[in-house]
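target_32.csv (CSV, C-alpha atoms) appears below.
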chain,number,residue,atom,x,y,z
A,1,MET,CA,12.6,-36.4,-1.6
A,2,LYS,CA,9.1,-34.9,-1.6
A,3,THR,CA,6.3,-37.4,-1.1
A,4,ALA,CA,2.8,-37.6,-2.6
A,5,ASP,CA,1.5,-36.2,0.7
A,6,ASP,CA,3.7,-33.1,0.3
A,7,HIS,CA,2.3,-32.4,-3.1
A,8,ALA,CA,-1.2,-33.1,-2.0
A,9,TRP,CA,-0.9,-30.5,0.8
A,10,VAL,CA,0.5,-27.9,-1.6
A,11,HIS,CA,-2.3,-28.5,-4.0
A,12,ALA,CA,-4.9,-28.3,-1.2
A,13,ALA,CA,-3.3,-25.0,0.0
A,14,ILE,CA,-3.5,-23.5,-3.5
A,15,ASP,CA,-7.1,-24.6,-3.8
A,16,ALA,CA,-7.8,-22.9,-0.4
A,17,LEU,CA,-6.3,-19.6,-1.6
A,18,GLU,CA,-8.1,-19.7,-4.9
A,19,ARG,CA,-11.5,-20.4,-3.2
A,20,GLU,CA,-10.8,-17.4,-0.9
A,21,ALA,CA,-10.1,-15.2,-3.9
A,22,ALA,CA,-13.3,-16.4,-5.6
A,23,ARG,CA,-15.3,-15.5,-2.4
A,24,SER,CA,-13.8,-12.0,-2.3
A,25,ALA,CA,-15.6,-9.3,-4.2
A,26,ASP,CA,-13.7,-6.5,-5.8
A,27,THR,CA,-13.1,-3.3,-3.8
A,28,HIS,CA,-15.2,-0.2,-4.5
A,29,LEU,CA,-14.0,2.7,-6.6
A,30,LEU,CA,-15.4,5.8,-5.0
A,31,LYS,CA,-16.0,9.0,-6.9
A,32,LEU,CA,-15.6,12.4,-5.3
A,33,ASP,CA,-16.8,15.6,-6.9
A,34,LEU,CA,-14.8,18.7,-5.9
A,35,PRO,CA,-16.4,21.8,-7.5
A,36,ALA,CA,-13.1,23.8,-7.3
A,37,PHE,CA,-11.6,21.3,-9.8
A,38,ALA,CA,-14.1,21.5,-12.6
A,39,GLY,CA,-13.4,19.0,-15.3
A,40,ILE,CA,-11.2,16.9,-13.1
A,41,ASP,CA,-12.7,13.7,-11.6
A,42,PHE,CA,-11.3,12.1,-8.4
A,43,TYR,CA,-11.6,8.4,-7.8
A,44,PHE,CA,-10.6,6.5,-4.6
A,45,LYS,CA,-10.0,2.7,-4.7
A,46,ASP,CA,-11.2,1.5,-1.3
A,47,GLU,CA,-8.7,-1.2,-0.5
A,48,ALA,CA,-9.6,-1.0,3.2
A,49,SER,CA,-12.8,-3.0,2.4
A,50,HIS,CA,-10.7,-6.2,2.0
A,51,PRO,CA,-11.4,-8.9,4.7
A,52,THR,CA,-8.1,-8.0,6.4
A,53,GLY,CA,-8.7,-4.2,6.0
A,54,SER,CA,-6.0,-3.1,3.6
A,55,LEU,CA,-4.5,-3.3,0.1
A,56,LYS,CA,-2.0,-5.8,1.6
A,57,HIS,CA,-4.6,-8.5,1.4
A,58,ARG,CA,-3.8,-8.9,-2.3
A,59,LEU,CA,-0.1,-9.0,-1.6
A,60,ALA,CA,-0.3,-11.6,1.1
A,61,ARG,CA,-2.3,-13.9,-1.1
A,62,SER,CA,0.2,-13.5,-3.8
A,63,LEU,CA,3.2,-14.1,-1.5
A,64,TYR,CA,1.7,-17.4,-0.2
A,65,LEU,CA,1.0,-18.5,-3.7
A,66,TYR,CA,4.5,-17.6,-4.8
A,67,ALA,CA,6.0,-19.5,-1.8
A,68,LEU,CA,3.8,-22.6,-2.6
A,69,CYS,CA,4.4,-22.7,-6.3
A,70,ASN,CA,8.2,-22.2,-5.9
A,71,GLY,CA,8.5,-25.1,-3.4
A,72,ARG,CA,9.4,-22.8,-0.5
A,73,LEU,CA,6.4,-23.6,1.8
A,74,ARG,CA,5.5,-27.0,3.1
A,75,ALA,CA,2.9,-28.5,5.4
A,76,GLY,CA,3.4,-27.6,9.1
A,77,GLN,CA,6.2,-25.1,8.3
A,78,ASP,CA,6.3,-21.8,10.3
A,79,VAL,CA,5.9,-18.6,8.4
A,80,VAL,CA,7.6,-15.3,9.1
A,81,ASP,CA,7.7,-11.8,7.5
A,82,ALA,CA,8.9,-8.3,8.4
A,83,SER,CA,6.1,-5.8,8.4
A,84,SER,CA,4.9,-2.5,9.9
A,85,GLY,CA,1.4,-4.0,10.4
A,86,SER,CA,-1.0,-4.2,7.5
A,87,THR,CA,0.9,-6.9,5.6
A,88,ALA,CA,1.4,-8.8,8.8
A,89,ILE,CA,-2.4,-8.8,9.5
A,90,ALA,CA,-3.1,-10.2,6.1
A,91,GLU,CA,-0.4,-12.8,6.3
A,92,ALA,CA,-1.6,-13.9,9.7
A,93,TRP,CA,-5.1,-14.2,8.3
A,94,PHE,CA,-3.9,-16.5,5.4
A,95,ALA,CA,-1.7,-18.5,7.8
A,96,ARG,CA,-4.8,-19.3,9.9
A,97,LEU,CA,-6.6,-20.2,6.7
A,98,LEU,CA,-3.8,-22.7,5.9
A,99,GLY,CA,-3.3,-24.0,9.4
A,100,LEU,CA,0.2,-22.5,9.7
A,101,ARG,CA,2.0,-20.6,12.6
A,102,PHE,CA,2.9,-17.1,11.6
A,103,THR,CA,5.3,-14.6,13.2
A,104,ALA,CA,5.4,-10.9,12.3
A,105,VAL,CA,8.7,-9.1,12.9
A,106,MET,CA,7.5,-5.5,13.5
A,107,PRO,CA,8.9,-2.2,14.7
A,108,ALA,CA,8.0,-1.7,18.4
A,109,ARG,CA,6.4,1.6,17.5
A,110,THR,CA,3.8,0.0,15.3
A,111,ALA,CA,0.3,1.1,16.0
A,112,PRO,CA,-1.0,-1.0,19.0
A,113,ALA,CA,-4.2,-1.9,17.2
A,114,LYS,CA,-2.2,-3.5,14.4
A,115,ILE,CA,-0.3,-5.6,16.9
A,116,ARG,CA,-3.5,-6.7,18.5
A,117,ALA,CA,-5.0,-7.6,15.1
A,118,VAL,CA,-2.1,-9.9,14.3
A,119,GLU,CA,-2.4,-11.6,17.7
A,120,ALA,CA,-6.2,-12.0,17.4
A,121,LEU,CA,-5.6,-14.0,14.2
A,122,GLY,CA,-3.3,-16.3,16.0
A,123,GLY,CA,0.0,-14.7,14.9
A,124,ALA,CA,2.9,-13.9,17.1
A,125,CYS,CA,4.6,-10.4,17.1
A,126,ASP,CA,8.4,-10.2,17.4
A,127,LEU,CA,8.8,-6.4,18.2
A,128,VAL,CA,12.1,-4.8,17.3
A,129,ASP,CA,13.2,-1.4,18.8
A,130,ASP,CA,15.3,-0.4,15.8
A,131,PRO,CA,13.2,-0.6,12.6
A,132,SER,CA,16.3,-1.1,10.5
A,133,GLU,CA,16.8,-4.5,12.2
A,134,VAL,CA,13.5,-6.1,11.1
A,135,HIS,CA,14.9,-7.7,8.0
A,136,ALA,CA,17.8,-9.3,9.9
A,137,ARG,CA,15.4,-10.6,12.6
A,138,ALA,CA,13.1,-12.1,10.0
A,139,ALA,CA,16.1,-13.8,8.3
A,140,ALA,CA,17.1,-15.2,11.7
A,141,HIS,CA,13.6,-16.8,12.0
A,142,ALA,CA,14.1,-18.2,8.5
A,143,ALA,CA,17.5,-19.7,9.4
A,144,ARG,CA,15.7,-21.7,12.0
A,145,GLY,CA,13.4,-23.2,9.4
A,146,ALA,CA,10.6,-20.7,8.9
A,147,CYS,CA,9.4,-19.8,5.4
A,148,HIS,CA,10.3,-16.1,4.9
A,149,LEU,CA,7.5,-14.7,2.8
A,150,ASP,CA,9.8,-11.6,2.2
A,151,GLN,CA,7.3,-9.0,1.1
A,152,PHE,CA,10.2,-6.5,0.6
A,153,GLY,CA,12.3,-8.8,-1.5
A,154,LEU,CA,9.5,-10.5,-3.5
A,155,ALA,CA,6.5,-8.2,-3.8
A,156,GLU,CA,7.2,-7.0,-7.3
A,157,ARG,CA,7.7,-10.5,-8.7
A,158,ALA,CA,5.0,-12.3,-6.7
A,159,THR,CA,2.2,-10.3,-8.3
A,160,ASP,CA,1.2,-11.0,-11.9
A,161,TRP,CA,1.4,-7.5,-13.3
A,162,ARG,CA,-0.1,-8.4,-16.7
A,163,GLY,CA,-3.5,-9.1,-15.3
A,164,ASN,CA,-5.1,-11.9,-13.1
A,165,ASN,CA,-7.2,-9.4,-11.2
A,166,ASN,CA,-4.3,-7.3,-10.0
A,167,ILE,CA,-5.1,-3.8,-8.6
A,168,ALA,CA,-4.2,-2.0,-11.9
A,169,GLU,CA,-6.4,-4.3,-14.0
A,170,SER,CA,-9.2,-3.7,-11.4
A,171,ILE,CA,-8.9,0.1,-11.6
A,172,VAL,CA,-8.9,0.2,-15.4
A,173,GLY,CA,-11.9,-2.2,-15.6
A,174,GLN,CA,-13.9,-0.2,-13.1
A,175,LEU,CA,-13.2,3.0,-15.0
A,176,ALA,CA,-14.3,1.6,-18.4
A,177,ARG,CA,-17.7,3.3,-18.4
A,178,GLU,CA,-16.7,6.5,-16.7
A,179,PRO,CA,-16.6,9.8,-18.8
A,180,GLN,CA,-12.8,10.1,-18.5
A,181,ALA,CA,-12.0,6.4,-18.5
A,182,ARG,CA,-8.3,6.7,-19.1
A,183,PRO,CA,-7.0,8.6,-16.0
A,184,ALA,CA,-4.4,11.3,-16.3
A,185,TRP,CA,-2.7,10.0,-13.2
A,186,ILE,CA,-2.7,7.1,-10.8
A,187,VAL,CA,-1.3,7.9,-7.4
A,188,CYS,CA,0.1,5.4,-4.8
A,189,GLY,CA,2.8,5.1,-2.2
A,190,ALA,CA,5.8,2.8,-2.0
A,191,GLY,CA,6.0,0.4,0.9
A,192,THR,CA,7.5,-2.8,-0.6
A,193,GLY,CA,7.4,-1.2,-4.1
A,194,GLY,CA,5.1,-4.0,-5.3
A,195,THR,CA,2.0,-1.8,-5.9
A,196,SER,CA,3.8,0.9,-7.8
A,197,ALA,CA,5.7,-1.7,-9.9
A,198,THR,CA,2.5,-3.6,-10.7
A,199,ILE,CA,0.6,-0.4,-11.7
A,200,GLY,CA,3.5,1.0,-13.7
A,201,ARG,CA,4.1,-2.2,-15.6
A,202,TYR,CA,0.5,-2.7,-16.3
A,203,LEU,CA,0.0,0.8,-17.7
A,204,ARG,CA,2.8,0.2,-20.1
A,205,TYR,CA,1.7,-3.3,-21.0
A,206,ARG,CA,-1.8,-1.9,-21.9
A,207,ARG,CA,-0.3,1.1,-23.8
A,208,LEU,CA,-2.2,3.6,-21.7
A,209,PRO,CA,-1.4,7.3,-21.6
A,210,THR,CA,-1.8,7.3,-17.8
A,211,ARG,CA,1.1,8.5,-15.7
A,212,LEU,CA,2.1,7.1,-12.3
A,213,CYS,CA,2.9,9.3,-9.3
A,214,VAL,CA,4.4,7.9,-6.1
A,215,ALA,CA,3.3,9.9,-3.1
A,216,GLU,CA,5.9,9.5,-0.3
A,217,PRO,CA,6.7,11.0,3.1
A,218,ALA,CA,9.2,13.8,2.9
A,219,GLY,CA,12.8,12.6,2.8
A,220,SER,CA,12.0,9.0,2.0
A,221,ALA,CA,14.5,6.6,0.4
A,222,PHE,CA,12.3,6.1,-2.6
A,223,ALA,CA,12.1,9.9,-3.3
A,224,HIS,CA,15.9,10.3,-3.1
A,225,GLY,CA,16.6,7.1,-5.0
A,226,TRP,CA,14.1,7.9,-7.8
A,227,ARG,CA,15.5,11.4,-8.4
A,228,ARG,CA,19.2,10.2,-8.5
A,229,ARG,CA,18.5,6.6,-9.8
A,230,ASP,CA,20.4,5.6,-6.7
A,231,LEU,CA,19.8,2.1,-5.4
A,232,GLN,CA,21.9,2.9,-2.3
A,233,ALA,CA,19.8,5.9,-1.3
A,234,CYS,CA,18.6,6.2,2.3
A,235,ALA,CA,15.9,8.3,3.9
A,236,SER,CA,17.0,11.7,5.2
A,237,GLU,CA,14.0,12.1,7.5
A,238,PRO,CA,12.0,9.7,9.7
A,239,THR,CA,8.3,9.4,9.2
A,240,LEU,CA,5.2,8.6,11.3
A,241,ILE,CA,3.3,7.3,8.3
A,242,GLU,CA,3.3,3.6,8.6
A,243,GLY,CA,3.5,1.4,5.5
A,244,ILE,CA,5.4,3.9,3.3
A,245,GLY,CA,8.5,6.1,3.5
A,246,ARG,CA,11.0,3.3,3.7
A,247,ALA,CA,14.4,4.1,5.2
A,248,ARG,CA,16.2,2.3,2.4
A,249,VAL,CA,15.6,1.5,-1.3
A,250,GLU,CA,13.9,-1.9,-1.2
A,251,PRO,CA,14.5,-4.6,-3.9
A,252,GLY,CA,11.0,-4.1,-5.2
A,253,PHE,CA,11.4,-0.4,-6.0
A,254,LEU,CA,11.3,0.0,-9.8
A,255,PHE,CA,12.2,3.6,-10.6
A,256,ASP,CA,11.8,3.6,-14.3
A,257,VAL,CA,8.0,2.8,-14.3
A,258,VAL,CA,7.3,5.9,-12.1
A,259,ASP,CA,6.7,9.3,-13.8
A,260,ASP,CA,6.8,11.5,-10.8
A,261,VAL,CA,7.4,11.4,-7.0
A,262,LEU,CA,5.7,13.9,-4.6
A,263,GLU,CA,7.0,14.3,-1.1
A,264,VAL,CA,4.4,15.1,1.5
A,265,PRO,CA,5.2,16.2,5.1
A,266,ASP,CA,3.8,14.0,7.8
A,267,GLY,CA,1.6,16.9,9.1
A,268,ALA,CA,0.0,17.3,5.7
A,269,SER,CA,-0.6,13.5,5.5
A,270,ILE,CA,-2.3,13.4,8.9
A,271,ALA,CA,-4.4,16.4,8.2
A,272,ALA,CA,-5.5,14.8,5.0
A,273,ALA,CA,-6.4,11.6,6.7
A,274,TRP,CA,-8.6,13.5,9.1
A,275,LEU,CA,-10.1,15.3,6.0
A,276,LEU,CA,-10.9,12.0,4.3
A,277,GLU,CA,-13.2,11.1,7.2
A,278,SER,CA,-15.3,14.3,6.6
A,279,LEU,CA,-15.3,13.8,2.8
A,280,LEU,CA,-16.1,10.0,2.8
A,281,GLY,CA,-17.7,9.3,6.1
A,282,ARG,CA,-15.1,6.9,7.5
A,283,ARG,CA,-11.5,6.8,8.6
A,284,TYR,CA,-8.5,5.8,6.6
A,285,GLY,CA,-4.9,5.6,7.6
A,286,GLY,CA,-2.0,8.1,7.1
A,287,SER,CA,-0.8,6.8,3.7
A,288,SER,CA,-4.3,7.4,2.3
A,289,GLY,CA,-3.9,11.0,3.5
A,290,THR,CA,-0.5,11.2,1.7
A,291,ASN,CA,-2.2,10.0,-1.5
A,292,LEU,CA,-5.0,12.6,-1.2
A,293,VAL,CA,-2.4,15.5,-0.8
A,294,ALA,CA,-0.6,14.3,-3.9
A,295,CYS,CA,-3.9,14.1,-5.9
A,296,LEU,CA,-4.8,17.7,-5.0
A,297,GLN,CA,-1.3,18.8,-5.9
A,298,LEU,CA,-1.5,17.2,-9.3
A,299,ALA,CA,-5.1,18.4,-9.9
A,300,ALA,CA,-4.1,22.0,-9.1
A,301,ALA,CA,-1.3,21.8,-11.7
A,302,MET,CA,-3.8,20.4,-14.2
A,303,ARG,CA,-6.3,23.1,-13.4
A,304,ALA,CA,-3.6,25.8,-13.8
A,305,ARG,CA,-2.8,24.4,-17.3
A,306,GLY,CA,-6.4,24.2,-18.3
A,307,GLU,CA,-6.4,20.4,-18.5
A,308,ARG,CA,-9.3,18.0,-17.9
A,309,GLY,CA,-9.0,14.4,-16.8
A,310,SER,CA,-9.3,12.0,-14.0
A,311,LEU,CA,-7.1,11.0,-11.1
A,312,VAL,CA,-7.2,7.6,-9.2
A,313,THR,CA,-5.6,6.9,-5.9
A,314,LEU,CA,-5.8,4.3,-3.1
A,315,LEU,CA,-7.5,4.2,0.3
A,316,CYS,CA,-4.9,1.9,1.7
A,317,ASP,CA,-6.2,0.7,5.1
A,318,ARG,CA,-8.7,1.3,7.9
A,319,GLY,CA,-8.2,4.4,10.0
A,320,GLU,CA,-9.5,2.7,13.1
A,321,ARG,CA,-6.1,1.0,13.5
A,322,TYR,CA,-4.7,4.5,14.2
A,323,ALA,CA,-7.1,5.6,16.9
A,324,GLU,CA,-4.3,5.6,19.4
A,325,THR,CA,-1.8,7.3,17.1
A,326,LEU,CA,-2.7,9.5,14.1
A,327,PHE,CA,-6.2,10.2,15.3
A,328,ASP,CA,-5.2,10.9,19.0
A,329,THR,CA,-4.4,14.6,19.6
A,330,GLY,CA,-2.3,13.8,22.7
A,331,TRP,CA,-0.2,11.4,20.6
A,332,LEU,CA,0.3,13.9,17.9
A,333,ALA,CA,1.3,16.6,20.4
A,334,ALA,CA,3.8,14.2,22.0
A,335,HIS,CA,5.4,13.7,18.6
A,336,GLY,CA,5.5,17.4,17.8
A,337,ILE,CA,2.8,17.3,15.0
A,338,ASP,CA,0.3,20.0,14.6
A,339,PRO,CA,-1.9,19.2,11.6
A,340,SER,CA,-4.1,22.3,11.9
A,341,PRO,CA,-2.0,24.6,9.6
A,342,TRP,CA,-2.1,21.9,6.9
A,343,ARG,CA,-5.8,21.5,7.3
A,344,VAL,CA,-6.1,25.2,6.5
A,345,ARG,CA,-4.1,24.7,3.3
A,346,LEU,CA,-6.2,21.6,2.4
A,347,ASP,CA,-9.5,23.4,3.0
A,348,ALA,CA,-8.2,26.2,0.7
A,349,SER,CA,-7.3,23.7,-1.9
A,350,LEU,CA,-10.8,22.2,-1.9
A,351,ARG,CA,-12.4,25.7,-1.9
A,352,CYS,CA,-10.2,27.4,-4.5
A,353,GLY,CA,-8.5,24.6,-6.5
A,354,SER,CA,-5.1,25.7,-5.2
A,355,ALA,CA,-2.0,23.5,-4.6
A,356,PRO,CA,-1.8,22.3,-0.9
A,357,LEU,CA,2.0,22.0,-0.9
A,358,PRO,CA,4.2,25.1,-1.1

Written as structure tokens, that's how I'd like the structure from this file.
Amino acid sequence: MKTADDHAWVHAAIDALEREAARSADTHLLKLDLPAFAGIDFYFKDEASHPTGSLKHRLARSLYLYALCNGRLRAGQDVVDASSGSTAIAEAWFARLLGLRFTAVMPARTAPAKIRAVEALGGACDLVDDPSEVHARAAAHAARGACHLDQFGLAERATDWRGNNNIAESIVGQLAREPQARPAWIVCGAGTGGTSATIGRYLRYRRLPTRLCVAEPAGSAFAHGWRRRDLQACASEPTLIEGIGRARVEPGFLFDVVDDVLEVPDGASIAAAWLLESLLGRRYGGSSGTNLVACLQLAAAMRARGERGSLVTLLCDRGERYAETLFDTGWLAAHGIDPSPWRVRLDASLRCGSAPLP
């Protein structure tokens, strides 16, 4: 039987999360003018400016609230989740806020800076050589009594897609006074599937004409699954882009709210991440590069059809976390990646309004 003290702790924990949300300002929506795409406005939602450095800050807060309000998390209970890094950093940050011990089950190849960030926040990292085993390892921690936040299983239901300051509502609100306030496209990736599910549902709920494009590494499970409506689809290619490009179709993937999927080779994503630094003056991660490539591809198609409109995408996390990987030429060479041909194509796209992908 739960005691009054149990309920008091849950209420105090929810209060702490709500106070944190009240202290957090909204993230910036950056506008980029690209002369080759006249009549097409580009907007970048800077989710890297969250206190934990990525769009997963929103998700982590929602997962803790979901666990608390569903009676799954109690005072003094350990917390665990499977993550490639950004979600783990945010979950470790909130665990410290609530005075809980947190363990992140992560692929061993996760960027070292992300591992250090989790540990700096007091979290522990359980590194797994085979990325396909992270779910089973997290479940093993849960079997020993830890609360499994389960971002992959619960992301699409933990976030209130009708509003409550979700990312879709924030984007639409920030665009309200812009010349082309109803974007032609919103572009995002699919890690847990929570972000694409939230945006896609919200667009329909608000009866907006905006379409949703999921930008994914080439050969991802989401890309194959979406085209075939196949919940058993698996990735046909590995990817070096952390946070997206899942090997399997995750429970949070909602195919029917997505209007298009664009597959982006890793070399193009990495070249675009480098390009973002020159365009915006700071570094962002590889998935932000994936999003940029997809935006340019969509904009080139709009330009060819003589269409005007706006496109919105996400800057997902801080690029400094990838200094030893995506922004290290030696690391890229060791992994057989040469982004320079893709940079030529991207520069031509910016100069001529052409499509960066073949």

Taking a cut-off of 12 Å and counting all atoms listed in the file, can you build a table that, for each residue of segment 165-253 of chain A near segment 108-111 of chain A, reports the nearest atom pair and how far apart they are in Å (one decimal), sorted by chain then residue number, as CSV?
residue,atom,partner,partner_atom,distance
A:Thr239,CA,A:Arg109,CA,11.5
A:Leu240,CA,A:Arg109,CA,9.4
A:Ile241,CA,A:Thr110,CA,10.1
A:Glu242,CA,A:Thr110,CA,7.6
A:Gly243,CA,A:Thr110,CA,9.9

Show me, as a ChimeraX atom specification, the residues that have an atom within 8 Å of Thr290 of chain A when counting only C-alpha atoms, minus same-chain residues fewer than 3 positions from it. /A:189,215-217,264,266,268-270,272-273,286-287,293-294

Which residues of segment 127-225 of chain A sit at most 6 Å from segment 77-90 of chain A, using only C-alpha atoms? Give each one's shortest atom pair and distance in Å (one decimal place), in chain and ascending residue order, as a tab-separated table.
residue	atom	partner	partner_atom	distance
A:Val134	CA	A:Ala82	CA	5.8
A:Ala138	CA	A:Ala82	CA	5.9
A:Ala146	CA	A:Asp78	CA	4.7
A:Cys147	CA	A:Val79	CA	4.8
A:His148	CA	A:Val80	CA	5.1
A:Leu149	CA	A:Asp81	CA	5.5
A:Asp150	CA	A:Asp81	CA	5.7

Segment 317-330 of chain A surroundings by only C-alpha atoms, 6 Å radius, close-in-sequence under 6 positions cut, as a VMD selection string: chain A and resid 48 53 to 54 113 283 to 285

Which residues are near Leu154 of chain A? Cut-off 10 Å, all atoms listed in the file, ignore same chain within fewer than 5 positions. Put them as an mmCIF file with C-alpha atoms, keeping the file's coordinate frame.
data_model
loop_
_atom_site.group_PDB
_atom_site.id
_atom_site.type_symbol
_atom_site.label_atom_id
_atom_site.label_comp_id
_atom_site.auth_asym_id
_atom_site.auth_seq_id
_atom_site.Cartn_x
_atom_site.Cartn_y
_atom_site.Cartn_z
ATOM 1 C CA LEU A 59 -0.100 -9.000 -1.600
ATOM 2 C CA SER A 62 0.200 -13.500 -3.800
ATOM 3 C CA LEU A 63 3.200 -14.100 -1.500
ATOM 4 C CA TYR A 66 4.500 -17.600 -4.800
ATOM 5 C CA ALA A 67 6.000 -19.500 -1.800
ATOM 6 C CA LEU A 149 7.500 -14.700 2.800
ATOM 7 C CA THR A 159 2.200 -10.300 -8.300
ATOM 8 C CA THR A 192 7.500 -2.800 -0.600
ATOM 9 C CA GLY A 193 7.400 -1.200 -4.100
ATOM 10 C CA GLY A 194 5.100 -4.000 -5.300
ATOM 11 C CA GLU A 250 13.900 -1.900 -1.200
ATOM 12 C CA PRO A 251 14.500 -4.600 -3.900
ATOM 13 C CA GLY A 252 11.000 -4.100 -5.200
#

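Here atom CA of Pro339 of chain A stands at a distance of 25.2 Å from atom CA of Asp260 of chain A.
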
Would you list the contacts of Leu121 of chain A as a list in words, taking every protein, DNA or RNA residue within 7 Å and counting all atoms listed in the file, but skipping same-chain residues closer than 5 positions in sequence? Ala92, Trp93 and Arg96 of chain A

As a ChimeraX atom specification, please: the residues near Ala13 of chain A (cut-off 8 Å, only C-alpha atoms, same-chain neighbours under 4 positions excluded). /A:9,17,68,98

For atom CA of Thr198 of chain A and atom CA of Glu156 of chain A, determine how far apart the two atoms are, in Å to one decimal place. 6.7 Å

Residue nearest Phe222 of chain A - candidates A:Gly245, A:Pro209, A:Gly200, A:Pro131, atoms counted: all atoms listed in the file: A:Gly245

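Minimum distance to Val249 of chain A across A:Phe94, A:Trp161, A:Tyr202, A:Phe152 (counting all atoms listed in the file) occurs at A:Phe152.
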
One decimal, in Å: what's the spacing between atom CA of Glu307 of chain A and atom CA of Leu276 of chain A? 24.7 Å

Output segment 102-114 of chain A as an mmCIF file, keeping the file's coordinate frame, making sure N, CA, C and O atoms are there.
data_model
loop_
_atom_site.group_PDB
_atom_site.id
_atom_site.type_symbol
_atom_site.label_atom_id
_atom_site.label_comp_id
_atom_site.auth_asym_id
_atom_site.auth_seq_id
_atom_site.Cartn_x
_atom_site.Cartn_y
_atom_site.Cartn_z
ATOM 1 N N PHE A 102 2.355 -18.272 12.285
ATOM 2 C CA PHE A 102 2.900 -17.100 11.600
ATOM 3 C C PHE A 102 3.525 -16.157 12.694
ATOM 4 O O PHE A 102 2.932 -15.925 13.762
ATOM 5 N N THR A 103 4.694 -15.609 12.385
ATOM 6 C CA THR A 103 5.300 -14.600 13.200
ATOM 7 C C THR A 103 5.583 -13.344 12.400
ATOM 8 O O THR A 103 6.144 -13.418 11.295
ATOM 9 N N ALA A 104 5.161 -12.202 12.928
ATOM 10 C CA ALA A 104 5.400 -10.900 12.300
ATOM 11 C C ALA A 104 6.549 -10.209 13.037
ATOM 12 O O ALA A 104 6.465 -10.023 14.254
ATOM 13 N N VAL A 105 7.596 -9.864 12.318
ATOM 14 C CA VAL A 105 8.700 -9.100 12.900
ATOM 15 C C VAL A 105 8.307 -7.597 12.607
ATOM 16 O O VAL A 105 8.246 -7.177 11.450
ATOM 17 N N MET A 106 8.043 -6.840 13.661
ATOM 18 C CA MET A 106 7.500 -5.500 13.500
ATOM 19 C C MET A 106 8.273 -4.480 14.327
ATOM 20 O O MET A 106 8.780 -4.810 15.409
ATOM 21 N N PRO A 107 8.384 -3.233 13.851
ATOM 22 C CA PRO A 107 8.900 -2.200 14.700
ATOM 23 C C PRO A 107 8.102 -2.032 15.969
ATOM 24 O O PRO A 107 6.866 -2.102 15.923
ATOM 25 N N ALA A 108 8.743 -1.827 17.093
ATOM 26 C CA ALA A 108 8.000 -1.700 18.400
ATOM 27 C C ALA A 108 7.049 -0.558 18.383
ATOM 28 O O ALA A 108 6.065 -0.576 19.127
ATOM 29 N N ARG A 109 7.289 0.450 17.548
ATOM 30 C CA ARG A 109 6.400 1.600 17.500
ATOM 31 C C ARG A 109 5.186 1.445 16.644
ATOM 32 O O ARG A 109 4.396 2.381 16.472
ATOM 33 N N THR A 110 4.998 0.264 16.079
ATOM 34 C CA THR A 110 3.800 0.000 15.300
ATOM 35 C C THR A 110 2.550 0.282 16.038
ATOM 36 O O THR A 110 2.482 0.040 17.250
ATOM 37 N N ALA A 111 1.529 0.794 15.369
ATOM 38 C CA ALA A 111 0.300 1.100 16.000
ATOM 39 C C ALA A 111 -0.238 -0.075 16.839
ATOM 40 O O ALA A 111 -0.315 -1.191 16.315
ATOM 41 N N PRO A 112 -0.564 0.128 18.113
ATOM 42 C CA PRO A 112 -1.000 -1.000 19.000
ATOM 43 C C PRO A 112 -2.152 -1.798 18.406
ATOM 44 O O PRO A 112 -2.204 -3.013 18.585
ATOM 45 N N ALA A 113 -3.074 -1.142 17.708
ATOM 46 C CA ALA A 113 -4.200 -1.900 17.200
ATOM 47 C C ALA A 113 -3.790 -2.886 16.114
ATOM 48 O O ALA A 113 -4.416 -3.941 15.970
ATOM 49 N N LYS A 114 -2.724 -2.584 15.383
ATOM 50 C CA LYS A 114 -2.200 -3.500 14.400
ATOM 51 C C LYS A 114 -1.610 -4.763 15.077
ATOM 52 O O LYS A 114 -1.808 -5.906 14.637
#
